[in-house]
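Participant: Quick one: structure below, then a few questions.
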Amino acid sequence: MTSLSRVISGGFFVLALAAPAAAQTNPPPSAANQAAAMAAAAAAAAQAGQPVPYDAFVRGAVVQDGLIPIIHKSGRVYLALKRTQLGADFIETSVPSSGLGGLGPAQGEPYVAPARLIRFEKVDDTVVVRWPNTYTITRPNTPEATGVQQSLPSSVIAVAPIAAVDDNTVVIPASFLLGDVADFDASINFGPPSPGAYRLDASRSFFAVTKAFPENDVLRVDQTWQSAAPSFSRIDNAPDPRSLEVLMTYNFIQAPTDGYVPRLADPRVGYFTQPLINFSTDQVGIGRTIHYIMRWNFGKRTSSAPMRATNPLVFYLSNDIPYQYRNTVKSALLTWNNAFRKIGILDAVQVLQQPNDPSWDPEDIRHNLIRWLNTSSPAFGAEALLVTDPRTGEELNIGVNFDAVEGLAGRTYRYVVAPARGLADTASAENTFVQDLIGSIILHESGHDFGLQHNFIGTYAYTAKQMQSKAFTSRYGVSNSVMEYSPVNLWPKGTPQGDYFQTALGPYDYYAIRYGYGYIPNASSPTSELPTLRRWASGWSNPWTRFASDEDNSHQGGHAIDPRVVTYDLTNHPLEWCDVQMKTMHGVMNAVSQRFPAPGHSFDEARQAFTTPLTTYLRCASMPANWIGGEYISRAAKGDPGAAQPLSPVSLADERSAWTRLANGLFSEAAWHFNPNVLNKLTYSEWSDFAGGSWAYNPTPRHDVAVTTIINGAQNQVLSELFAPLTLQRIDDLQTKYSPGATMSLSNLFDWARGSIFGDLTGGINSAGPIRRNLQMAYAKRLSDMWISPAPGTPADAQALARIQLQQLKQLAGTGLQSSGLSELTRAHLEALSALAQQALDAKANIITLPAALRGQ
């Protein structure tokens, strides 16, 4: 007989057949009796459902030694926990290793489920697998710790029977990982058209790969998600949409205990944070919640002297990144060493190519991967991937997913940049443009990997003249930070031109990295760092080190109030920059037929050459709305250098100027006059594909570009922002904070809107087109709704003004109807506006005058 031995190589189990020992036909009776007794005891215990002796259990099994040894036996997978590991803290991650082609979570995306602390605790002949609650800070063995344990719930994943034991080991089945531990259900069934279309099929789920290493375990489960009604699902890019194969990878690592000191966040500097409730003391600030920043642990420093990182951040470039982009990606990642070098951390960032080794696992939590995704339906350009210790914010694994769609950015150069600058479109110029874009995106996403949030006030730091200087932008970028969403820094022909993209770290990036990673002498706890951190964070009032993130950019719905905080703008005078962009884009769109399509090409090319600059045009036409009723926010703390008031008004003059831009660039008829010789060429090619999925062929309902519908959509979106209950409330409250005439009132808002939208009803309406008429009708309906059935939170002042506006609309429409030479369509439009206003006024009057008894029904 041969015997099995365990050989560990690179974390894998290799089955080795040992040479038979010297022939021994008659083993000692005592050994034979012992083996027979052991086998009999094991069989009896197994039959009774009791744990069997470990030595008997592993006979004939494959054992992978590692942090938690993994056992394969009889087609099943087990975890062999050391008794010292029972009750110990591990961290578990659930990350998909395969994607859904852009129609669901992507491979490597750690946001399906957060990293969680996990414990294995023995209870009788079972092991309870539990996620303990990690949302609090307490001191061990205190009444506060006891109170937290009693007050806040944990979560039990499974109660696993003990399969085998000895004095040192407890073996449990790993079958609980075959279930939906990650709650992938919530991700795959998210959104329309039919939530709940897919369910996990346990009969087609199995362990695909298991690996055990000294520092971690990797278990990959091959799941099948089934649907009885795939036609109601949005996922149509699988061979059989009824059955979707998903690889889910679980990593187990020992929870860090290396003395890492968390760092407290500051709202003046933008870091992702781990919030925790501090019950360890009552000496707290405004509330008990504290926020630790998310950051990489480069290793302990003992002085401010430059030293090499003892735990450098090593990025691996996945083997699916096209060869032509690898140097660009690597160079962008290494650019961050400039910021770390400045604070004394040398060789902080390193970049390696994924080895051509089948045993090297991209989903191993020890590998920080930059992936290149090839999706059928791109869902994003790129995204950062962060896995952190939920107790401290220490990053355990990071990376970037980069969609191959970004490689097509050369079309922007072809359709917008070259025409605007009067340049020839060459393959070399397009390649340079794409390489710079990819470098800027990698800089941005890897900035998230270091813990940095977006910075959407970054472009406000620089002037137009600086943006036009290549010497300036190559050193400082087109924004104060790579964490901004910057548009193409494009200037018209005849104007100096800086870099198109952010290819250098900005001054804010250096500032933020010092806050998160700078050495603070004699600091042994988060609170002991606070005096230095507060000083480091005091530069908010300097535009070069100013920060504002996503929440401050939520203008739609009325939440955001600072017009400086916005995406895809440039310069410290963004509306003036937008004036230039709109004029440039309009010229590019009207000249599309001079360049596109190229001979032999389809007219899809002309369509895309028109719609690409139209996106910039619409964004700029809508941007002035952010100034209406706006206030400037200062995040500076009291006593910071140059600190302004926390809130200060956008001046009435600036608001009026912004409204004039809205009136001329968005609401007017003249703004939307395009070359008919261009519009009649904007069609698309038709295909007849057997695949049948929307990813292959998903045309718009109309063969042309629906200019009227697109523009009316943009107009209504702005009206929704301007007349959102929060916006109306804020404008109504401005008079309580600022002196009369310093800023606008609700009366200004309604009067400006009436003049811009209904101003031509008494003259000129006969020459208006459908864009104008649709806008007028949409605004009239909005006024009607505000008076008859206002949205919750709408101020009474706004409702009263809506009533007056409806009365004035009826008068304006009536005056317009007295004009001679009205076309049938114009007369019908005016009569409809008049009728709508009258119906709204009458409906409200009827509601008000109903008897009290009826009003209560």
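Residues in the structure tokens are numbered from 1 in each chain, the chains being A, B, ... in the order shown, and ligands are numbered from 1 in the order shown.
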Can you list, as a VMD selection string, every protein, DNA or RNA residue that comes within 9 Å of Val718 in chain A when you count only C-alpha atoms, leaving out same-chain residues fewer than 5 positions away?
Facilitator: chain A and resid 556 622 to 623 625 713 723
Participant: Please identify which residues in range 126-244 of chain A DSSP calls strand (DSSP E or B) from the backbone, and express them as a PyMOL selection string.
Facilitator: chain A and resi 126-131+136-137+155-161+164-165+169-173+199-200+206-212+216-226+243-244
Participant: Could you check which of A:Pro543, A:Pro487, A:Pro267, A:Pro624 is closest to Phe667 in chain A, using only C-alpha atoms?
Facilitator: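 When distances to Phe667 in chain A are compared using only C-alpha atoms, the smallest one comes from A:Pro624.
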Participant: List the spatial neighbours of Ser819 in chain A as a list of chain:residue names - criterion: any atom at most 12 Å away, only C-alpha atoms, same-chain residues fewer than 6 positions off excluded.
Facilitator: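 Residues meeting the cut-off are A:Asp760, A:Leu761, A:Thr762, A:Gly763, A:Gly764, A:Ile765, A:Asn766, A:Leu812, A:Ala813, A:Thr826, A:Arg827, A:Leu830.
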Participant: Please identify all polymer residues within 7 Å of Gln223 in chain A, counting only C-alpha atoms, omitting same-chain residues fewer than 6 positions from it, and present them as a list of chain:residue names.
Facilitator: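 Here the answer would be A:Arg204, A:Ser205, A:Phe206, A:Glu245, A:Val246, A:Leu247.
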Participant: Distance CA of Thr126 in chain A-CA of Leu152 in chain A, one decimal place?
Facilitator: 23.9 Å
Participant: Would you mind telling me which residue in A:Asn278, A:Thr210, A:Met248, A:Pro114 lies nearest to Val148 in chain A when using only C-alpha atoms?
Facilitator: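 Checking each candidate against Val148 in chain A, we get A:Asn278 as the closest.
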Participant: Quick one: pull the distance between CA of Trp225 in chain A and CA of Pro378 in chain A, Å, one decimal.
Facilitator: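 That distance, rounded to one decimal, is 21.5 Å.
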Participant: Can you tell me which residues surround Phe272 in chain A at a distance of at most 7 Å, considering only C-alpha atoms, apart from same-chain residues fewer than 4 positions away, and format the answer as a VMD selection string?
Facilitator: chain A and resid 293 to 294 451 to 453
Participant: For a test of reading the model, state the distance in Å between CA of Val112 in chain A and CA of Thr375 in chain A, rounded to one decimal.
Facilitator: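 Between these atoms lies a distance of 18.3 Å.
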Participant: Extract, using only C-alpha atoms, all DNA, RNA and protein residues at most 9 Å from Ala229 in chain A, discarding same-chain residues fewer than 6 positions from it, and format them as an MDAnalysis selection string.
Facilitator: chainID A and resid 197:198 241:242
Participant: Quick one: of A:Ala798, A:Ile118, A:Ala113, A:Leu67, who's nearest to Val218 in chain A, counting only C-alpha atoms?
Facilitator: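 Looking only at the distances to Val218 in chain A, the closest residue turns out to be A:Leu67.
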Participant: Determine, using only C-alpha atoms, which residues of range 469-568 of chain A have any atom at most 8 Å from an atom of range 725-736 of chain A, and tabulate each with its shortest atom pair and distance in Å to one decimal place, rows ordered by chain and then rising number, as a tab-separated table.
Facilitator:
```
residue	atom	partner	partner_atom	distance
A:Gly557	CA	A:Leu726	CA	6.9
A:Gly558	CA	A:Thr727	CA	4.7
A:His559	CA	A:Leu726	CA	6.6
```
Participant: Can you write out the residues you just picked, keeping C-alpha atoms, as a short mmCIF file (atom, residue, chain, number, x, y, z; two decimals), in the first residue's frame?
Facilitator:
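Result file is out-v1.cif:
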```
data_model
loop_
_atom_site.label_atom_id
_atom_site.label_comp_id
_atom_site.auth_asym_id
_atom_site.auth_seq_id
_atom_site.Cartn_x
_atom_site.Cartn_y
_atom_site.Cartn_z
CA GLY A 557 -33.42 68.27 -5.24
CA GLY A 558 -32.07 71.40 -3.56
CA HIS A 559 -29.69 69.91 -1.00
#
```
Participant: Nearest to Ala106 in chain A among A:Arg295, A:Lys493, A:Arg371, A:Lys300, with distances taken over only C-alpha atoms: which residue is it?
Facilitator: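 Nearest to Ala106 in chain A: A:Arg371.
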Participant: Go through A:Phe603, A:Trp131, A:Tyr510, A:Trp360 and flag the residue nearest Thr335 in chain A, using only C-alpha atoms for the distances.
Facilitator: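 Nearest to Thr335 in chain A: A:Tyr510.
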Participant: Do you know which residues are at most 10 Å from range 95-103 of chain A counting only C-alpha atoms, after dropping those on the same chain fewer than 2 positions away, and could you put them as a PyMOL selection string?
Facilitator: chain A and resi 92-93+105-115+182+184+188+220-222+234-238+244-251+362-363+365+373-380+387+403+695
